[in-house]
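The file entry_22.cif contains mmCIF, C-alpha atoms:
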```
data_coords
#
loop_
_atom_site.label_atom_id
_atom_site.label_comp_id
_atom_site.auth_asym_id
_atom_site.auth_seq_id
_atom_site.Cartn_x
_atom_site.Cartn_y
_atom_site.Cartn_z
CA MET A 4 163.95 195.32 65.20
CA VAL A 5 166.07 193.94 62.50
CA TYR A 6 169.35 192.74 63.79
CA ALA A 7 170.69 190.28 66.29
CA ILE A 8 173.27 191.32 68.85
CA PRO A 9 176.34 189.09 69.33
CA LEU A 10 177.49 187.82 72.70
CA ILE A 11 181.28 188.26 72.82
CA GLY A 12 182.73 186.90 76.02
CA ASN A 13 181.06 188.72 78.88
CA LEU A 14 180.34 191.75 76.71
CA LEU A 15 176.81 191.98 75.33
CA LEU A 16 176.63 194.59 72.60
CA ALA A 17 173.50 196.70 72.17
CA SER A 18 171.66 197.19 68.89
CA ALA A 19 168.59 199.10 67.79
CA THR A 20 165.50 197.07 67.13
CA PHE A 21 161.87 198.02 67.07
CA ALA A 22 159.88 200.23 69.35
CA VAL A 23 157.20 199.42 71.85
CA PRO A 24 153.73 199.72 70.31
CA THR A 25 152.62 202.99 71.90
CA ASN A 26 151.97 205.67 69.29
CA LEU A 27 152.75 205.03 65.64
CA ALA A 28 154.89 208.13 65.05
CA GLY A 29 157.14 207.42 68.02
CA ARG A 30 157.35 203.76 67.11
CA GLN A 31 158.41 204.50 63.54
CA GLN A 32 160.99 207.06 64.66
CA ARG A 33 162.67 204.61 67.04
CA ARG A 34 162.61 201.86 64.40
CA ARG A 35 164.70 204.05 62.07
CA GLU A 36 167.65 203.88 64.48
CA HIS A 37 168.95 200.45 63.43
CA HIS A 38 172.30 198.84 63.98
CA ARG A 39 173.24 195.36 62.90
CA SER A 40 175.52 192.70 64.33
CA ARG A 41 175.41 189.00 63.55
CA PRO A 42 174.80 186.51 66.37
CA LYS A 43 178.07 184.93 67.41
CA THR A 44 178.48 181.23 68.08
CA LEU A 45 179.78 180.42 71.55
CA THR A 46 182.37 177.67 71.43
CA SER A 47 183.15 175.30 74.28
CA GLU A 48 183.73 171.61 74.79
CA ILE A 49 179.96 171.13 75.06
CA PRO A 50 178.00 171.92 71.88
CA ARG A 51 175.79 174.96 72.32
CA PRO A 52 173.37 176.98 70.23
CA GLU A 53 174.40 180.42 69.09
CA TYR A 54 173.59 182.98 71.74
CA SER A 55 172.35 186.48 71.05
CA GLU A 56 171.22 189.24 73.36
CA ASN A 57 168.02 189.80 71.40
CA TRP A 58 167.26 186.95 68.95
CA ALA A 59 165.82 183.49 69.58
CA GLY A 60 164.77 181.09 66.84
CA GLY A 61 166.20 179.54 63.71
CA VAL A 62 168.13 180.85 60.70
CA LEU A 63 168.95 179.15 57.41
CA ASN A 64 172.04 180.48 55.60
CA SER A 65 172.74 179.70 51.93
CA PRO A 66 174.41 181.32 48.92
CA ALA A 67 172.99 184.59 47.63
CA GLY A 68 169.88 184.24 45.50
CA THR A 69 168.60 181.15 47.31
CA TYR A 70 165.51 182.25 49.25
CA LYS A 71 162.38 183.69 47.64
CA ALA A 72 159.82 183.42 50.46
CA VAL A 73 159.56 182.55 54.16
CA THR A 74 156.37 181.57 55.99
CA ALA A 75 155.15 180.12 59.28
CA THR A 76 152.11 180.00 61.55
CA PHE A 77 152.05 180.64 65.29
CA VAL A 78 149.52 181.04 68.09
CA VAL A 79 149.39 184.50 69.65
CA PRO A 80 150.65 184.33 73.24
CA THR A 81 149.61 186.23 76.35
CA PRO A 82 152.67 188.27 77.33
CA LYS A 83 153.45 188.38 81.04
CA TYR A 84 155.99 190.22 83.13
CA PRO A 85 159.38 188.60 83.54
CA SER A 86 160.44 187.43 86.99
CA GLY A 87 160.81 190.32 89.41
CA GLN A 88 158.72 192.81 87.40
CA THR A 89 155.14 193.65 88.37
CA ARG A 90 154.40 196.86 86.45
CA GLY A 91 155.61 199.00 83.57
CA ASN A 92 156.31 197.65 80.11
CA ALA A 93 157.49 194.25 78.85
CA SER A 94 157.35 193.11 75.25
CA ALA A 95 158.65 190.82 72.52
CA SER A 96 157.99 190.19 68.83
CA ALA A 97 157.56 187.16 66.56
CA TRP A 98 158.54 187.55 62.91
CA VAL A 99 159.71 185.88 59.71
CA GLY A 100 162.20 187.40 57.31
CA ILE A 101 164.52 187.16 54.34
CA ASP A 102 168.10 188.32 55.04
CA GLY A 103 169.31 190.34 58.02
CA ASP A 104 171.68 187.73 59.44
CA THR A 105 174.66 187.23 57.12
CA CYS A 106 173.33 189.69 54.52
CA GLU A 107 173.76 193.28 55.70
CA ALA A 108 172.34 195.07 52.67
CA ALA A 109 168.61 194.70 53.32
CA ILE A 110 165.93 192.67 55.05
CA LEU A 111 162.29 191.98 54.24
CA GLN A 112 160.32 190.97 57.32
CA THR A 113 156.91 191.00 58.95
CA GLY A 114 155.63 190.11 62.38
CA VAL A 115 153.54 190.77 65.48
CA ASP A 116 154.59 192.53 68.69
CA PHE A 117 153.03 191.41 71.98
CA THR A 118 153.21 193.79 74.94
CA VAL A 119 152.03 194.09 78.52
CA ASP A 120 152.01 197.69 79.75
CA ASN A 121 150.91 198.29 83.34
CA GLY A 122 148.86 195.12 83.13
CA VAL A 123 147.24 195.90 79.76
CA VAL A 124 148.02 193.50 76.91
CA SER A 125 148.25 194.77 73.33
CA TYR A 126 149.35 193.50 69.92
CA ASP A 127 150.75 195.24 66.82
CA ALA A 128 151.33 193.93 63.30
CA TRP A 129 154.14 195.44 61.24
CA TYR A 130 156.26 195.10 58.09
CA GLU A 131 159.65 196.43 57.03
CA TRP A 132 162.17 196.51 54.21
CA PHE A 133 165.30 197.56 56.06
CA PRO A 134 166.92 200.08 55.98
CA ASP A 135 163.65 201.84 55.15
CA SER A 136 161.40 202.62 58.12
CA THR A 137 159.01 200.13 59.67
CA ASP A 138 155.27 200.59 59.26
CA ASP A 139 152.32 199.17 61.16
CA PHE A 140 149.49 197.34 59.46
CA THR A 141 145.96 198.60 60.08
CA GLY A 142 142.75 196.65 59.68
CA ILE A 143 143.82 193.59 61.63
CA THR A 144 143.46 192.73 65.31
CA PHE A 145 144.61 189.90 67.55
CA LYS A 146 143.82 188.27 70.84
CA ALA A 147 145.59 185.57 72.78
CA GLY A 148 145.00 182.17 71.21
CA ASP A 149 144.51 183.45 67.66
CA THR A 150 146.35 181.50 64.96
CA VAL A 151 148.40 183.81 62.74
CA LYS A 152 150.26 183.12 59.51
CA LEU A 153 153.22 185.30 58.51
CA THR A 154 154.65 185.36 54.97
CA VAL A 155 157.24 187.45 53.18
CA THR A 156 157.88 186.98 49.46
CA ALA A 157 160.63 188.52 47.35
CA MET A 158 159.20 189.04 43.86
CA ALA A 159 162.57 190.50 42.84
CA THR A 160 165.62 191.69 44.75
CA THR A 161 164.03 195.13 45.18
CA SER A 162 160.33 194.30 45.46
CA GLY A 163 158.24 191.97 47.56
CA THR A 164 155.18 191.44 49.72
CA ALA A 165 154.45 191.08 53.42
CA VAL A 166 151.28 189.24 54.42
CA ILE A 167 149.76 188.63 57.85
CA GLU A 168 146.67 186.42 58.13
CA ASN A 169 144.67 186.01 61.31
CA LEU A 170 143.29 182.56 60.56
CA THR A 171 141.02 182.74 63.60
CA ASN A 172 139.05 185.88 62.70
CA GLY A 173 139.58 185.74 58.93
CA LYS A 174 141.37 189.08 58.61
CA THR A 175 144.30 189.42 56.18
CA VAL A 176 146.56 192.38 55.48
CA THR A 177 149.01 192.62 52.60
CA LYS A 178 151.62 195.19 51.65
CA THR A 179 153.60 195.36 48.41
CA ILE A 180 156.96 196.95 49.12
CA THR A 181 159.68 198.29 46.86
CA SER A 182 163.14 199.44 47.86
CA ASN A 183 166.40 200.67 46.40
CA ASN A 184 168.19 198.31 48.79
CA ALA A 185 168.51 194.91 47.13
CA LEU A 186 168.00 191.68 49.03
CA CYS A 187 170.70 189.04 48.96
CA GLY A 188 168.29 186.12 49.31
CA GLN A 189 170.74 184.20 51.48
CA ASP A 190 169.06 184.14 54.92
CA ALA A 191 165.67 182.74 55.98
CA GLU A 192 164.59 183.45 59.56
CA TRP A 193 161.93 182.59 62.14
CA ILE A 194 162.57 184.74 65.21
CA VAL A 195 161.24 185.82 68.58
CA GLU A 196 163.01 189.05 69.49
CA ASP A 197 163.70 191.22 72.49
CA TYR A 198 163.81 194.67 70.94
CA GLU A 199 165.28 198.02 71.90
CA GLU A 200 163.76 201.29 72.97
CA ASN A 201 165.53 204.49 74.03
CA GLY A 202 168.98 202.98 73.81
CA GLY A 203 168.32 199.74 75.70
CA LEU A 204 166.47 196.47 75.37
CA VAL A 205 162.94 196.51 76.70
CA PRO A 206 162.13 194.03 79.48
CA PHE A 207 161.67 190.74 77.64
CA ALA A 208 158.09 189.55 78.11
CA ASN A 209 157.44 186.01 79.28
CA PHE A 210 155.56 184.51 76.32
CA ASP A 211 155.56 180.90 77.64
CA ALA A 212 156.19 179.24 74.26
CA ILE A 213 155.86 179.97 70.57
CA GLU A 214 155.87 177.31 67.89
CA PHE A 215 156.46 178.43 64.32
CA SER A 216 154.58 175.59 62.65
CA GLY A 217 154.42 174.99 58.93
CA ALA A 218 157.74 176.80 58.74
CA MET A 219 159.00 176.80 55.17
CA ALA A 220 161.45 178.75 53.04
CA THR A 221 160.97 178.76 49.28
CA ASN A 222 164.12 178.44 47.18
CA GLN A 223 164.87 178.06 43.49
CA THR A 224 163.88 174.39 43.36
CA GLY A 225 161.07 174.12 45.88
CA SER A 226 160.75 174.52 49.63
CA VAL A 227 162.85 173.61 52.63
CA GLY A 228 161.97 173.36 56.31
CA PRO A 229 164.02 174.55 59.28
CA GLY A 230 165.46 171.17 60.23
CA SER A 231 169.01 172.30 59.43
CA ALA A 232 168.59 175.86 60.71
CA THR A 233 171.13 177.36 63.06
CA VAL A 234 169.51 177.54 66.50
CA ILE A 235 169.81 180.85 68.35
CA ASP A 236 168.84 181.50 71.99
CA ILE A 237 168.73 184.70 73.99
CA ASN A 238 171.42 185.08 76.66
CA GLN A 239 171.46 188.27 78.70
CA ASN A 240 174.10 188.76 81.39
CA ASN A 241 174.88 185.01 81.32
CA ILE A 242 171.22 184.16 81.90
CA VAL A 243 169.60 182.11 79.14
CA LEU A 244 166.03 183.29 78.56
CA THR A 245 164.92 180.93 75.78
CA SER A 246 165.25 177.32 74.70
CA THR A 247 164.87 176.65 70.99
CA THR A 248 164.46 173.37 69.12
CA THR A 249 163.81 172.66 65.46
CA ASN A 250 162.51 169.84 63.31
CA THR A 251 161.73 169.49 59.63
CA SER A 252 158.65 171.74 59.74
CA SER A 253 158.67 173.78 62.93
CA ILE A 254 160.70 175.87 65.34
CA ASN A 255 159.79 175.79 69.03
CA ILE A 256 160.91 178.65 71.28
CA THR A 257 160.24 178.34 75.00
CA TYR A 258 160.69 181.13 77.52
CA VAL A 259 163.07 179.99 80.26
CA ILE A 260 163.02 181.49 83.74
CA ASN A 261 166.47 182.31 85.14
CA GLU A 262 168.60 179.56 83.63
CA ALA A 263 172.18 180.58 84.37
CA VAL A 264 175.06 179.50 82.18
CA ALA A 265 178.77 179.40 82.91
CA PRO A 266 180.58 182.73 82.54
CA MET A 267 182.25 183.22 79.18
CA VAL A 268 185.64 184.61 78.24
CA ASP A 269 186.17 185.00 74.50
CA GLY A 270 183.24 182.68 73.89
CA ILE A 271 184.65 179.88 76.12
CA ALA A 272 182.85 178.64 79.20
CA ILE A 273 184.95 179.00 82.35
#
```

What is this file in C-alpha coordinates?
Amino acid sequence: MVYAIPLIGNLLLASATFAVPTNLAGRQQRRREHHRSRPKTLTSEIPRPEYSENWAGGVLNSPAGTYKAVTATFVVPTPKYPSGQTRGNASASAWVGIDGDTCEAAILQTGVDFTVDNGVVSYDAWYEWFPDSTDDFTGITFKAGDTVKLTVTAMATTSGTAVIENLTNGKTVTKTITSNNALCGQDAEWIVEDYEENGGLVPFANFDAIEFSGAMATNQTGSVGPGSATVIDINQNNIVLTSTTTNTSSINITYVINEAVAPMVDGIAI
(Lines of atoms letter the chains of each structure in order from A and count residues from 1; the text may use other names and numbers.)
(Lines give C-alpha, C1' and ligand atoms only; values in the text may rest on other atoms or scores of the structure.)
Protein backbone atom coordinates (compact mmCIF):
# COMPACT_ATOMS: atom_id res chain seq x y z
CA MET A 1 0.00 0.00 0.00
CA VAL A 2 2.67 2.39 0.94
CA TYR A 3 5.26 2.69 -1.71
CA ALA A 4 5.51 3.62 -5.34
CA ILE A 5 7.32 1.38 -7.80
CA PRO A 6 9.84 2.97 -10.19
CA LEU A 7 9.79 2.45 -13.93
CA ILE A 8 13.40 1.83 -15.02
CA GLY A 9 13.67 1.46 -18.75
CA ASN A 10 11.43 -1.42 -19.77
CA LEU A 11 11.73 -3.03 -16.34
CA LEU A 12 8.81 -2.43 -13.98
CA LEU A 13 9.75 -3.43 -10.46
CA ALA A 14 7.13 -4.94 -8.15
CA SER A 15 6.41 -3.74 -4.62
CA ALA A 16 4.04 -4.76 -1.86
CA THR A 17 1.08 -2.52 -1.28
CA PHE A 18 -2.23 -3.16 0.34
CA ALA A 19 -4.55 -6.09 0.10
CA VAL A 20 -7.93 -6.43 -1.52
CA PRO A 21 -10.73 -5.80 1.00
CA THR A 22 -11.90 -9.38 1.52
CA ASN A 23 -11.45 -10.48 5.14
CA LEU A 24 -9.69 -8.23 7.62
CA ALA A 25 -7.14 -10.79 8.87
CA GLY A 26 -5.98 -11.66 5.38
CA ARG A 27 -5.90 -8.02 4.38
CA GLN A 28 -3.76 -7.04 7.35
CA GLN A 29 -1.36 -9.94 6.79
CA ARG A 30 -0.75 -8.99 3.16
CA ARG A 31 -0.32 -5.32 4.10
CA ARG A 32 2.60 -6.24 6.38
CA GLU A 33 4.66 -7.37 3.38
CA HIS A 34 5.83 -3.92 2.26
CA HIS A 35 8.66 -2.91 0.02
CA ARG A 36 9.50 0.62 -0.99
CA SER A 37 10.95 2.19 -4.11
CA ARG A 38 10.67 5.81 -5.13
CA PRO A 39 8.98 6.71 -8.43
CA LYS A 40 11.60 7.46 -11.05
CA THR A 41 11.38 10.39 -13.44
CA LEU A 42 11.49 9.41 -17.10
CA THR A 43 13.69 11.76 -19.08
CA SER A 44 13.32 12.47 -22.78
CA GLU A 45 13.31 15.46 -25.09
CA ILE A 46 9.60 15.93 -24.35
CA PRO A 47 8.78 16.81 -20.73
CA ARG A 48 6.89 14.03 -19.01
CA PRO A 49 5.44 13.36 -15.58
CA GLU A 50 7.12 10.82 -13.37
CA TYR A 51 5.85 7.35 -14.14
CA SER A 52 5.25 4.65 -11.57
CA GLU A 53 3.80 1.18 -11.86
CA ASN A 54 1.41 1.76 -8.97
CA TRP A 55 1.11 5.46 -8.00
CA ALA A 56 -0.82 8.28 -9.67
CA GLY A 57 -1.26 11.73 -8.17
CA GLY A 58 0.85 14.51 -6.73
CA VAL A 59 3.72 14.68 -4.24
CA LEU A 60 5.29 17.68 -2.55
CA ASN A 61 8.91 17.22 -1.40
CA SER A 62 10.58 19.61 1.06
CA PRO A 63 13.24 19.52 3.79
CA ALA A 64 12.63 17.31 6.81
CA GLY A 65 10.28 18.77 9.40
CA THR A 66 8.19 20.70 6.86
CA TYR A 67 4.80 18.96 6.73
CA LYS A 68 2.48 18.60 9.72
CA ALA A 69 -0.82 17.62 8.05
CA VAL A 70 -2.27 16.67 4.67
CA THR A 71 -5.94 16.81 3.69
CA ALA A 72 -8.25 16.60 0.68
CA THR A 73 -11.81 15.78 -0.31
CA PHE A 74 -12.91 13.45 -3.10
CA VAL A 75 -16.11 11.90 -4.45
CA VAL A 76 -16.32 8.12 -4.11
CA PRO A 77 -16.20 6.52 -7.56
CA THR A 78 -17.91 3.43 -8.94
CA PRO A 79 -15.08 1.02 -9.78
CA LYS A 80 -15.43 -0.85 -13.05
CA TYR A 81 -13.45 -3.58 -14.73
CA PRO A 82 -10.53 -2.50 -16.89
CA SER A 83 -10.68 -3.15 -20.62
CA GLY A 84 -10.74 -6.85 -21.42
CA GLN A 85 -11.85 -8.00 -17.94
CA THR A 86 -15.44 -9.03 -17.23
CA ARG A 87 -15.21 -10.92 -13.94
CA GLY A 88 -12.98 -11.50 -10.94
CA ASN A 89 -11.44 -8.71 -8.91
CA ALA A 90 -10.31 -5.18 -9.80
CA SER A 91 -9.49 -2.47 -7.28
CA ALA A 92 -7.70 0.77 -6.48
CA SER A 93 -7.29 3.09 -3.51
CA ALA A 94 -7.36 6.85 -2.88
CA TRP A 95 -5.30 8.18 0.02
CA VAL A 96 -3.41 11.11 1.54
CA GLY A 97 -0.18 10.78 3.45
CA ILE A 98 2.89 12.28 5.08
CA ASP A 99 6.20 10.77 3.91
CA GLY A 100 6.68 7.53 1.99
CA ASP A 101 8.22 9.05 -1.13
CA THR A 102 11.69 10.44 -0.38
CA CYS A 103 11.46 9.56 3.33
CA GLU A 104 11.91 5.82 3.87
CA ALA A 105 11.67 5.74 7.66
CA ALA A 106 7.89 5.94 8.12
CA ILE A 107 4.61 7.03 6.59
CA LEU A 108 1.33 8.19 8.09
CA GLN A 109 -1.57 7.72 5.68
CA THR A 110 -5.29 7.08 5.42
CA GLY A 111 -7.62 6.31 2.55
CA VAL A 112 -10.45 4.36 0.94
CA ASP A 113 -10.22 1.25 -1.25
CA PHE A 114 -12.80 0.76 -4.00
CA THR A 115 -13.25 -2.73 -5.42
CA VAL A 116 -15.41 -4.63 -7.88
CA ASP A 117 -15.40 -8.38 -7.24
CA ASN A 118 -17.45 -10.55 -9.59
CA GLY A 119 -19.67 -7.56 -10.24
CA VAL A 120 -20.12 -6.59 -6.57
CA VAL A 121 -18.79 -3.17 -5.56
CA SER A 122 -17.37 -2.61 -2.07
CA TYR A 123 -15.45 0.07 -0.17
CA ASP A 124 -13.01 -0.07 2.76
CA ALA A 125 -11.56 2.71 4.90
CA TRP A 126 -8.10 2.22 6.43
CA TYR A 127 -5.19 3.91 8.22
CA GLU A 128 -1.53 3.08 8.65
CA TRP A 129 1.72 4.22 10.23
CA PHE A 130 4.25 2.28 8.19
CA PRO A 131 6.09 0.02 8.92
CA ASP A 132 3.42 -0.99 11.44
CA SER A 133 0.49 -2.97 10.04
CA THR A 134 -2.51 -1.39 8.36
CA ASP A 135 -5.89 -1.43 10.09
CA ASP A 136 -9.41 -0.94 8.79
CA PHE A 137 -11.79 1.61 10.23
CA THR A 138 -15.18 0.37 11.41
CA GLY A 139 -18.31 2.42 11.85
CA ILE A 140 -18.21 4.15 8.49
CA THR A 141 -19.75 3.19 5.15
CA PHE A 142 -19.63 4.57 1.62
CA LYS A 143 -21.54 4.50 -1.61
CA ALA A 144 -20.73 5.88 -5.02
CA GLY A 145 -21.19 9.64 -5.10
CA ASP A 146 -20.46 10.21 -1.41
CA THR A 147 -18.13 13.11 -0.65
CA VAL A 148 -15.27 12.02 1.62
CA LYS A 149 -12.62 14.08 3.40
CA LEU A 150 -9.28 12.49 4.31
CA THR A 151 -6.86 14.03 6.82
CA VAL A 152 -3.64 12.91 8.46
CA THR A 153 -1.98 15.05 11.13
CA ALA A 154 1.43 14.56 12.73
CA MET A 155 1.17 15.82 16.31
CA ALA A 156 4.82 14.85 16.78
CA THR A 157 7.28 12.76 14.79
CA THR A 158 6.02 9.60 16.51
CA SER A 159 2.33 10.37 17.06
CA GLY A 160 -0.52 11.54 14.89
CA THR A 161 -4.13 11.13 13.82
CA ALA A 162 -5.96 9.73 10.81
CA VAL A 163 -9.47 11.03 10.13
CA ILE A 164 -12.00 10.02 7.47
CA GLU A 165 -15.25 11.97 7.19
CA ASN A 166 -18.14 10.94 4.99
CA LEU A 167 -19.60 14.39 4.46
CA THR A 168 -22.64 12.91 2.73
CA ASN A 169 -23.90 10.66 5.54
CA GLY A 170 -22.29 12.53 8.44
CA LYS A 171 -20.13 9.65 9.69
CA THR A 172 -16.59 10.37 10.94
CA VAL A 173 -13.92 7.98 12.18
CA THR A 174 -10.71 9.01 13.91
CA LYS A 175 -7.67 7.08 15.06
CA THR A 176 -4.81 8.36 17.21
CA ILE A 177 -1.65 6.47 16.30
CA THR A 178 1.74 6.23 17.94
CA SER A 179 4.85 4.59 16.55
CA ASN A 180 8.51 4.04 17.31
CA ASN A 181 9.24 4.90 13.67
CA ALA A 182 9.66 8.66 13.39
CA LEU A 183 8.26 10.64 10.48
CA CYS A 184 10.56 12.87 8.48
CA GLY A 185 7.85 15.39 7.59
CA GLN A 186 9.32 15.95 4.14
CA ASP A 187 6.68 14.46 1.78
CA ALA A 188 3.01 15.35 1.33
CA GLU A 189 0.99 13.09 -0.98
CA TRP A 190 -2.39 12.76 -2.69
CA ILE A 191 -2.47 9.39 -4.45
CA VAL A 192 -4.62 6.90 -6.33
CA GLU A 193 -2.86 3.56 -6.16
CA ASP A 194 -2.86 0.19 -7.86
CA TYR A 195 -1.91 -2.12 -5.02
CA GLU A 196 -0.44 -5.59 -4.74
CA GLU A 197 -1.84 -8.91 -3.64
CA ASN A 198 -0.13 -12.30 -3.60
CA GLY A 199 3.04 -11.03 -5.20
CA GLY A 200 1.50 -9.04 -8.06
CA LEU A 201 -0.51 -5.92 -8.70
CA VAL A 202 -4.26 -6.41 -8.68
CA PRO A 203 -6.12 -5.50 -11.87
CA PHE A 204 -6.36 -1.71 -11.72
CA ALA A 205 -10.03 -0.72 -11.54
CA ASN A 206 -11.38 1.88 -13.94
CA PHE A 207 -12.45 4.68 -11.58
CA ASP A 208 -13.23 7.24 -14.34
CA ALA A 209 -11.81 10.26 -12.49
CA ILE A 210 -10.95 11.38 -8.99
CA GLU A 211 -10.43 14.98 -7.99
CA PHE A 212 -8.69 15.64 -4.70
CA SER A 213 -10.28 19.02 -4.03
CA GLY A 214 -9.39 21.31 -1.17
CA ALA A 215 -5.99 19.65 -1.22
CA MET A 216 -3.73 21.28 1.36
CA ALA A 217 -0.56 20.45 3.25
CA THR A 218 0.11 22.24 6.53
CA ASN A 219 3.68 23.35 7.13
CA GLN A 220 5.46 25.40 9.79
CA THR A 221 4.16 28.73 8.51
CA GLY A 222 0.71 27.92 7.18
CA SER A 223 -0.67 25.81 4.35
CA VAL A 224 0.33 25.10 0.78
CA GLY A 225 -1.62 23.63 -2.11
CA PRO A 226 -0.44 21.09 -4.67
CA GLY A 227 0.28 23.55 -7.46
CA SER A 228 4.01 22.77 -7.40
CA ALA A 229 3.61 19.05 -6.69
CA THR A 230 5.49 16.50 -8.75
CA VAL A 231 2.94 14.79 -11.01
CA ILE A 232 3.04 11.00 -11.12
CA ASP A 233 1.11 8.76 -13.53
CA ILE A 234 0.75 5.00 -13.69
CA ASN A 235 2.55 3.28 -16.57
CA GLN A 236 2.34 -0.49 -16.81
CA ASN A 237 4.09 -2.31 -19.65
CA ASN A 238 4.43 0.98 -21.56
CA ILE A 239 0.71 1.63 -21.28
CA VAL A 240 -0.24 4.82 -19.43
CA LEU A 241 -3.32 4.21 -17.28
CA THR A 242 -3.80 7.66 -15.72
CA SER A 243 -3.56 11.33 -16.59
CA THR A 244 -2.89 13.68 -13.69
CA THR A 245 -3.08 17.47 -13.53
CA THR A 246 -2.69 19.85 -10.61
CA ASN A 247 -3.58 23.40 -9.71
CA THR A 248 -3.27 25.49 -6.57
CA SER A 249 -5.98 23.59 -4.66
CA SER A 250 -6.68 20.30 -6.38
CA ILE A 251 -5.25 17.23 -8.06
CA ASN A 252 -7.21 15.60 -10.86
CA ILE A 253 -6.51 11.97 -11.77
CA THR A 254 -8.29 10.52 -14.79
CA TYR A 255 -8.31 6.85 -15.74
CA VAL A 256 -7.00 6.46 -19.29
CA ILE A 257 -7.91 3.50 -21.47
CA ASN A 258 -4.97 1.95 -23.34
CA GLU A 259 -2.80 4.99 -24.02
CA ALA A 260 0.48 3.57 -25.29
CA VAL A 261 3.75 5.43 -24.87
CA ALA A 262 7.04 5.00 -26.69
CA PRO A 263 9.23 2.15 -25.41
CA MET A 264 11.87 3.23 -22.92
CA VAL A 265 15.52 2.29 -22.56
CA ASP A 266 17.18 3.68 -19.44
CA GLY A 267 14.33 6.15 -19.09
CA ILE A 268 14.70 7.50 -22.67
CA ALA A 269 11.93 7.23 -25.24
CA ILE A 270 13.02 5.32 -28.34

Ground truth for the PyMOL selection byres ((chain A and resi 97) around 6), written as a list in words |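 In the shown coordinates, the PyMOL selection byres ((chain A and resi 97) around 6) covers Ser96, Trp98, Gly114, Val115, Ile194 and Val195 of chain A.
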
Might you spell out which residues the PyMOL selection byres ((chain A and resi 80) around 8) would select in the displayed file, as a PyMOL selection string? chain A and resi 78-79+81-82+117+147-148+210-213

Keeping C-alpha atoms for every residue in the selection just given, could you write it to a file as an mmCIF file, in the coordinates of the input?
```
data_model
loop_
_atom_site.group_PDB
_atom_site.id
_atom_site.type_symbol
_atom_site.label_atom_id
_atom_site.label_comp_id
_atom_site.auth_asym_id
_atom_site.auth_seq_id
_atom_site.Cartn_x
_atom_site.Cartn_y
_atom_site.Cartn_z
ATOM 1 C CA VAL A 78 149.520 181.040 68.090
ATOM 2 C CA VAL A 79 149.390 184.500 69.650
ATOM 3 C CA THR A 81 149.610 186.230 76.350
ATOM 4 C CA PRO A 82 152.670 188.270 77.330
ATOM 5 C CA PHE A 117 153.030 191.410 71.980
ATOM 6 C CA ALA A 147 145.590 185.570 72.780
ATOM 7 C CA GLY A 148 145.000 182.170 71.210
ATOM 8 C CA PHE A 210 155.560 184.510 76.320
ATOM 9 C CA ASP A 211 155.560 180.900 77.640
ATOM 10 C CA ALA A 212 156.190 179.240 74.260
ATOM 11 C CA ILE A 213 155.860 179.970 70.570
#
```

Evaluate the PyMOL selection byres ((chain A and resi 84-87) around 10) and record the selected residues as a PyMOL selection string, following the chain and residue labels used in the document. chain A and resi 82-83+88-94+118-122+206-210+244+258-261

Judged by only C-alpha atoms, the minimum distance to A:Ile167 among A:Asp127, A:Asp104, A:Glu56, A:Asp236 is found for A:Asp127

At a cut-off of 12 Å, can you tabulate as JSON lines every residue of stretch 105-194 of chain A near stretch 226-232 of chain A together with its closest atom pair and the distance in Å to one decimal, using all atoms listed in the file and ordering rows by chain then number?
```
{"residue": "A:Asp190", "atom": "CA", "partner": "A:Ala232", "partner_atom": "CA", "distance": 10.1}
{"residue": "A:Ala191", "atom": "CA", "partner": "A:Ala232", "partner_atom": "CA", "distance": 8.8}
{"residue": "A:Glu192", "atom": "CA", "partner": "A:Ala232", "partner_atom": "CA", "distance": 8.7}
{"residue": "A:Trp193", "atom": "CA", "partner": "A:Pro229", "partner_atom": "CA", "distance": 8.8}
{"residue": "A:Ile194", "atom": "CA", "partner": "A:Ala232", "partner_atom": "CA", "distance": 11.6}
```

Would you work out the distance separating atom CA of A:Thr164 from atom CA of A:Thr105, expressed in Å to one decimal?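 So the answer is 21.3 Å.
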
**Request:** Could you tell me which of A:Thr141, A:Gln189, A:Asn57, A:Ser125 comes closest to A:Lys71 if we count all atoms listed in the file?
**Result:**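 Looking at the shortest contact to A:Lys71, the residue is A:Gln189.
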
Worksheet item: Which residue gives the smallest distance to A:Ala218 among A:Thr161, A:Thr171, A:Asn64, A:Asn250, with all atoms listed in the file counted?
Response: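 Residue with the minimum atom-to-atom distance to A:Ala218: A:Asn250.
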
Correct to one decimal, the distance atom CA of A:Glu107-atom CA of A:Thr160 is 13.7 Å

Can you list, as a PDB file with C-alpha atoms, in the frame of the given file, every protein, DNA or RNA residue that comes within 7 Å of A:Tyr130 when you count all atoms listed in the file, leaving out same-chain residues fewer than 3 positions away?
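Contents of out_39.pdb, freshly written:
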```pdb
ATOM      1  CA  GLN A 112     160.320 190.970  57.320  1.00  0.00           C
ATOM      2  CA  THR A 113     156.910 191.000  58.950  1.00  0.00           C
ATOM      3  CA  GLY A 114     155.630 190.110  62.380  1.00  0.00           C
ATOM      4  CA  THR A 137     159.010 200.130  59.670  1.00  0.00           C
ATOM      5  CA  ASP A 138     155.270 200.590  59.260  1.00  0.00           C
ATOM      6  CA  ASP A 139     152.320 199.170  61.160  1.00  0.00           C
ATOM      7  CA  ALA A 165     154.450 191.080  53.420  1.00  0.00           C
TER       8      ALA A 165
END
```

Show me the residues around (167.7, 186.1, 76.6) - criterion: an atom at most 12 Å away, only C-alpha atoms counted - as a ChimeraX atom specification. /A:7-10,15,53-60,85,95,195-198,204-209,235-247,256-264

* To one decimal in Å, tell me the separation between atom CA of A:Thr179 and atom CA of A:Asp149. =>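 For atom CA of A:Thr179 relative to atom CA of A:Asp149, the distance reads 24.4 Å.
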
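For the residues A:Tyr70, A:Phe140, A:Asp102, A:Lys178, ranking by smallest atom-to-atom distance to A:Asp116 using only C-alpha atoms places A:Phe140 first.
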
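Between A:Met158 and the candidates A:Val176, A:Ser252, A:Ala72, A:Gly203, the tightest atom-to-atom separation, counting all atoms listed in the file, involves A:Ala72.
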
Write out as a ChimeraX atom specification which residues come within 10 Å of A:Gly188 when counting all atoms listed in the file, dropping same-chain ones fewer than 5 positions away. /A:64-72,101-103,106,109-111,157,159-160,222

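Among the candidates A:Glu214, A:Glu131, A:Glu168, A:Glu199, the residue lying nearest to A:Val151 is A:Glu168 (atoms considered: only C-alpha atoms).
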